[in-house]
$ cat work27.pdb   # PDB, C-alpha atoms
ATOM      1  CA  MET A 174       0.000   0.000   0.000
ATOM      2  CA  ILE A 175       1.378   3.390  -0.964
ATOM      3  CA  SER A 176       1.428   6.031   1.761
ATOM      4  CA  THR A 177      -0.279   9.395   1.570
ATOM      5  CA  LEU A 178       3.095  11.145   1.701
ATOM      6  CA  ALA A 179       4.362   9.091  -1.245
ATOM      7  CA  THR A 180       1.228   9.957  -3.208
ATOM      8  CA  ALA A 181       1.723  13.643  -2.402
ATOM      9  CA  THR A 182       5.349  13.399  -3.523
ATOM     10  CA  LEU A 183       4.357  11.844  -6.841
ATOM     11  CA  VAL A 184       1.709  14.538  -7.398
ATOM     12  CA  VAL A 185       4.237  17.301  -6.663
ATOM     13  CA  ILE A 186       6.733  15.731  -9.090
ATOM     14  CA  LEU A 187       4.082  15.537 -11.822
ATOM     15  CA  CYS A 188       3.092  19.174 -11.198
ATOM     16  CA  ASP A 189       6.737  20.219 -11.476
ATOM     17  CA  VAL A 190       7.141  18.347 -14.765
ATOM     18  CA  PHE A 191       3.965  19.906 -16.170
ATOM     19  CA  LEU A 192       4.957  23.422 -15.070
ATOM     20  CA  GLY A 193       8.478  22.929 -16.429
ATOM     21  CA  PHE A 194       7.054  22.065 -19.842
ATOM     22  CA  ALA A 195       4.628  24.999 -19.617
ATOM     23  CA  LYS A 196       7.427  27.406 -18.688
ATOM     24  CA  ALA A 197       9.651  26.210 -21.527
ATOM     25  CA  TRP A 198       6.774  26.462 -23.993
ATOM     26  CA  ALA A 199       5.695  29.926 -22.826
ATOM     27  CA  LEU A 200       9.226  31.335 -22.883
ATOM     28  CA  CYS A 201      10.002  29.681 -26.246
ATOM     29  CA  ILE A 202      12.990  27.805 -24.801
ATOM     30  CA  PHE A 203      11.635  24.277 -25.293
ATOM     31  CA  GLU A 204      14.323  21.770 -26.285
ATOM     32  CA  SER A 205      13.283  18.177 -26.890
ATOM     33  CA  LYS A 206      16.628  16.765 -25.723
ATOM     34  CA  LYS A 207      16.437  18.634 -22.428
ATOM     35  CA  ALA A 208      12.761  17.706 -21.984
ATOM     36  CA  ARG A 209      13.471  14.052 -22.652
ATOM     37  CA  ARG A 210      16.362  14.003 -20.171
ATOM     38  CA  GLY A 211      14.220  15.697 -17.526
ATOM     39  CA  ALA A 212      11.324  13.310 -18.094
ATOM     40  CA  VAL A 213      13.635  10.298 -17.740
ATOM     41  CA  GLU A 214      15.154  11.706 -14.535
ATOM     42  CA  HIS A 215      11.751  12.392 -12.990
ATOM     43  CA  PHE A 216      10.466   8.981 -14.047
ATOM     44  CA  ALA A 217      13.519   7.341 -12.445
ATOM     45  CA  ILE A 218      12.905   9.223  -9.195
ATOM     46  CA  CYS A 219       9.273   8.067  -9.205
ATOM     47  CA  VAL A 220      10.297   4.442  -9.803
ATOM     48  CA  VAL A 221      12.910   4.553  -7.024
ATOM     49  CA  LEU A 222      10.337   6.140  -4.731
ATOM     50  CA  LEU A 223       7.773   3.414  -5.427
ATOM     51  CA  ILE A 224      10.316   0.607  -4.974
ATOM     52  CA  SER A 225      11.547   2.212  -1.748
ATOM     53  CA  GLU A 226       7.957   2.489  -0.554
ATOM     54  CA  TYR A 227       7.481  -1.248  -1.021
ATOM     55  CA  PHE A 228      10.659  -2.175   0.864
ATOM     56  CA  SER A 229      10.176   0.362   3.653
ATOM     57  CA  ASN A 230       6.737  -1.107   4.356
ATOM     58  CA  LYS A 231       8.148  -4.621   4.273
ATOM     59  CA  PHE A 232      11.151  -3.969   6.546
ATOM     60  CA  GLY A 233       9.784  -1.166   8.740
ATOM     61  CA  TYR A 234      11.992   1.764   7.704
ATOM     62  CA  GLN A 235       9.131   4.133   6.932
ATOM     63  CA  ILE A 236      10.652   7.079   8.834
ATOM     64  CA  VAL A 237      13.694   7.129   6.540
ATOM     65  CA  LEU A 238      11.507   7.152   3.454
ATOM     66  CA  ASP A 239       9.232   9.805   4.965
ATOM     67  CA  SER A 240      12.276  12.056   5.429
ATOM     68  CA  LEU A 241      13.277  11.540   1.804
ATOM     69  CA  GLU A 242       9.736  12.246   0.625
ATOM     70  CA  MET A 243       9.553  15.485   2.637
ATOM     71  CA  PHE A 244      12.885  16.580   1.162
ATOM     72  CA  LEU A 245      11.628  15.835  -2.354
ATOM     73  CA  ILE A 246       8.397  17.738  -1.715
ATOM     74  CA  PHE A 247      10.378  20.758  -0.492
ATOM     75  CA  SER A 248      12.843  20.734  -3.380
ATOM     76  CA  TYR A 249      10.198  20.164  -6.052
ATOM     77  CA  GLY A 250       7.960  22.716  -4.332
ATOM     78  CA  THR A 251      10.634  25.383  -4.684
ATOM     79  CA  SER A 252      10.985  24.450  -8.345
ATOM     80  CA  ILE A 253       7.220  24.783  -8.788
ATOM     81  CA  ILE A 254       7.265  28.229  -7.200
ATOM     82  CA  LYS A 255      10.156  29.316  -9.451
ATOM     83  CA  ASN A 256       8.308  28.045 -12.534
ATOM     84  CA  LEU A 257       5.123  29.845 -11.502
ATOM     85  CA  LYS A 258       7.102  33.053 -10.976
ATOM     86  CA  ARG A 259       8.667  32.745 -14.451
ATOM     87  CA  LEU A 260       5.170  32.206 -15.889
ATOM     88  CA  GLY A 261       4.037  35.501 -14.343
ATOM     89  CA  VAL A 262       2.039  34.205 -11.382
ATOM     90  CA  PRO A 263       2.448  36.661  -8.497
ATOM     91  CA  ILE A 264       4.299  35.093  -5.552
ATOM     92  CA  PRO A 265       4.062  36.708  -2.089
ATOM     93  CA  VAL A 266       7.241  38.631  -1.288
ATOM     94  CA  SER A 267       7.563  37.038   2.163
ATOM     95  CA  LEU A 268       7.510  33.525   0.673
ATOM     96  CA  GLU A 269       9.982  34.510  -2.007
ATOM     97  CA  LYS A 270      12.395  35.989   0.571
ATOM     98  CA  LYS A 271      12.220  32.868   2.764
ATOM     99  CA  LEU A 272      12.896  30.577  -0.182
ATOM    100  CA  ASP A 273      15.811  32.710  -1.363
ATOM    101  CA  ALA A 274      17.256  32.722   2.163
ATOM    102  CA  GLU A 275      17.012  28.917   2.391
ATOM    103  CA  LEU A 276      18.565  28.447  -1.041
ATOM    104  CA  ASN A 277      21.385  30.884  -0.244
ATOM    105  CA  LYS A 278      22.013  29.133   3.076
ATOM    106  CA  HIS A 279      22.335  25.839   1.217
ATOM    107  CA  LYS A 280      24.637  27.382  -1.407
ATOM    108  CA  ASP A 281      26.815  28.939   1.325
ATOM    109  CA  SER A 282      27.228  25.601   3.122
ATOM    110  CA  THR A 283      28.111  23.911  -0.180
ATOM    111  CA  VAL A 284      30.754  26.531  -0.969
ATOM    112  CA  LYS A 285      32.244  26.234   2.543
ATOM    113  CA  GLY A 286      32.388  22.456   2.169
ATOM    114  CA  GLU A 287      34.258  22.805  -1.119
ATOM    115  CA  GLU A 288      36.725  25.260   0.453
ATOM    116  CA  ASN A 289      37.461  22.825   3.295
ATOM    117  CA  GLU A 290      38.235  20.047   0.808
ATOM    118  CA  GLN A 291      40.900  22.133  -0.943
TER     119      GLN A 291
END

$ encode --input "work27.pdb" --output "structure tokens"
Amino acid sequence: MISTLATATLVVILCDVFLGFAKAWALCIFESKKARRGAVEHFAICVVLLISEYFSNKFGYQIVLDSLEMFLIFSYGTSIIKNLKRLGVPIPVSLEKKLDAELNKHKDSTVKGEENEQ
């Protein structure tokens, strides 16, 4: 049985794919090679998610999968918001600032990690 969180994750992924195609079409930047690669990547994530759902139910590691699903919902959700913004949908300034702050925080930690490796 697939969990509600897994279903929500799959719906968010499908919405992101649809909005990505819509954005590319509206901005006249649609490339079939890029679209095909993106569709394959998203399909692979969905397949891995469904297989993981089966095994997490069987072996009792649902909390690990739930964490992954929440991460995917957050990351795809930010992509959806970016696509909506590029399509001209007004996004509240407070939400936009919070998302930018989170993304910058992640970028800063990635850059610091790369500096420590060198």

$ resolve_selection --input "work27.pdb" --expression "the PyMOL selection byres ((chain A and resi 258-260) around 9)" --output "list in words"
Leu192, Ala195, Lys196, Ala199, Leu200, Ile253, Ile254, Lys255, Asn256, Leu257, Gly261, Val262, Pro263 and Ile264 of chain A

$ atom_distance --input "work27.pdb" --atom1 "atom CA of A:Ile246" --atom2 "atom CA of A:Pro265"
19.5 Å

$ atom_distance --input "work27.pdb" --atom1 "atom CA of A:Glu269" --atom2 "atom CA of A:Ser248"
14.1 Å

$ closest_residue --input "work27.pdb" --among "A:Ile224, A:Phe216, A:Leu272, A:Phe191" --to "A:Phe247" --atoms "only C-alpha atoms"
A:Leu272

$ residues_near_point --input "work27.pdb" --point "(5.2, 2.0, 1.9)" --cutoff "7 Å" --atoms "all atoms listed in the file" --output "PyMOL selection string"
chain A and resi 174-176+226-230+235

$ resolve_selection --input "work27.pdb" --expression "the PyMOL selection byres ((chain A and resi 183-187) around 8)" --output "list of chain:residue names"
A:Ala179, A:Thr180, A:Ala181, A:Thr182, A:Cys188, A:Asp189, A:Val190, A:Phe191, A:His215, A:Cys219, A:Ile246, A:Tyr249, A:Gly250

$ write_last_selection --input "work27.pdb" --atoms "C-alpha atoms" --output "short mmCIF file (atom, residue, chain, number, x, y, z; two decimals), in the frame of the given file"
data_model
loop_
_atom_site.label_atom_id
_atom_site.label_comp_id
_atom_site.auth_asym_id
_atom_site.auth_seq_id
_atom_site.Cartn_x
_atom_site.Cartn_y
_atom_site.Cartn_z
CA ALA A 179 4.36 9.09 -1.25
CA THR A 180 1.23 9.96 -3.21
CA ALA A 181 1.72 13.64 -2.40
CA THR A 182 5.35 13.40 -3.52
CA CYS A 188 3.09 19.17 -11.20
CA ASP A 189 6.74 20.22 -11.48
CA VAL A 190 7.14 18.35 -14.76
CA PHE A 191 3.96 19.91 -16.17
CA HIS A 215 11.75 12.39 -12.99
CA CYS A 219 9.27 8.07 -9.20
CA ILE A 246 8.40 17.74 -1.72
CA TYR A 249 10.20 20.16 -6.05
CA GLY A 250 7.96 22.72 -4.33
#

$ atom_distance --input "work27.pdb" --atom1 "atom CA of A:Asn277" --atom2 "atom CA of A:Glu214"
24.7 Å

$ closest_residue --input "work27.pdb" --among "A:Gly193, A:Glu242, A:Ala274, A:Leu223" --to "A:Arg209" --atoms "only C-alpha atoms"
A:Gly193
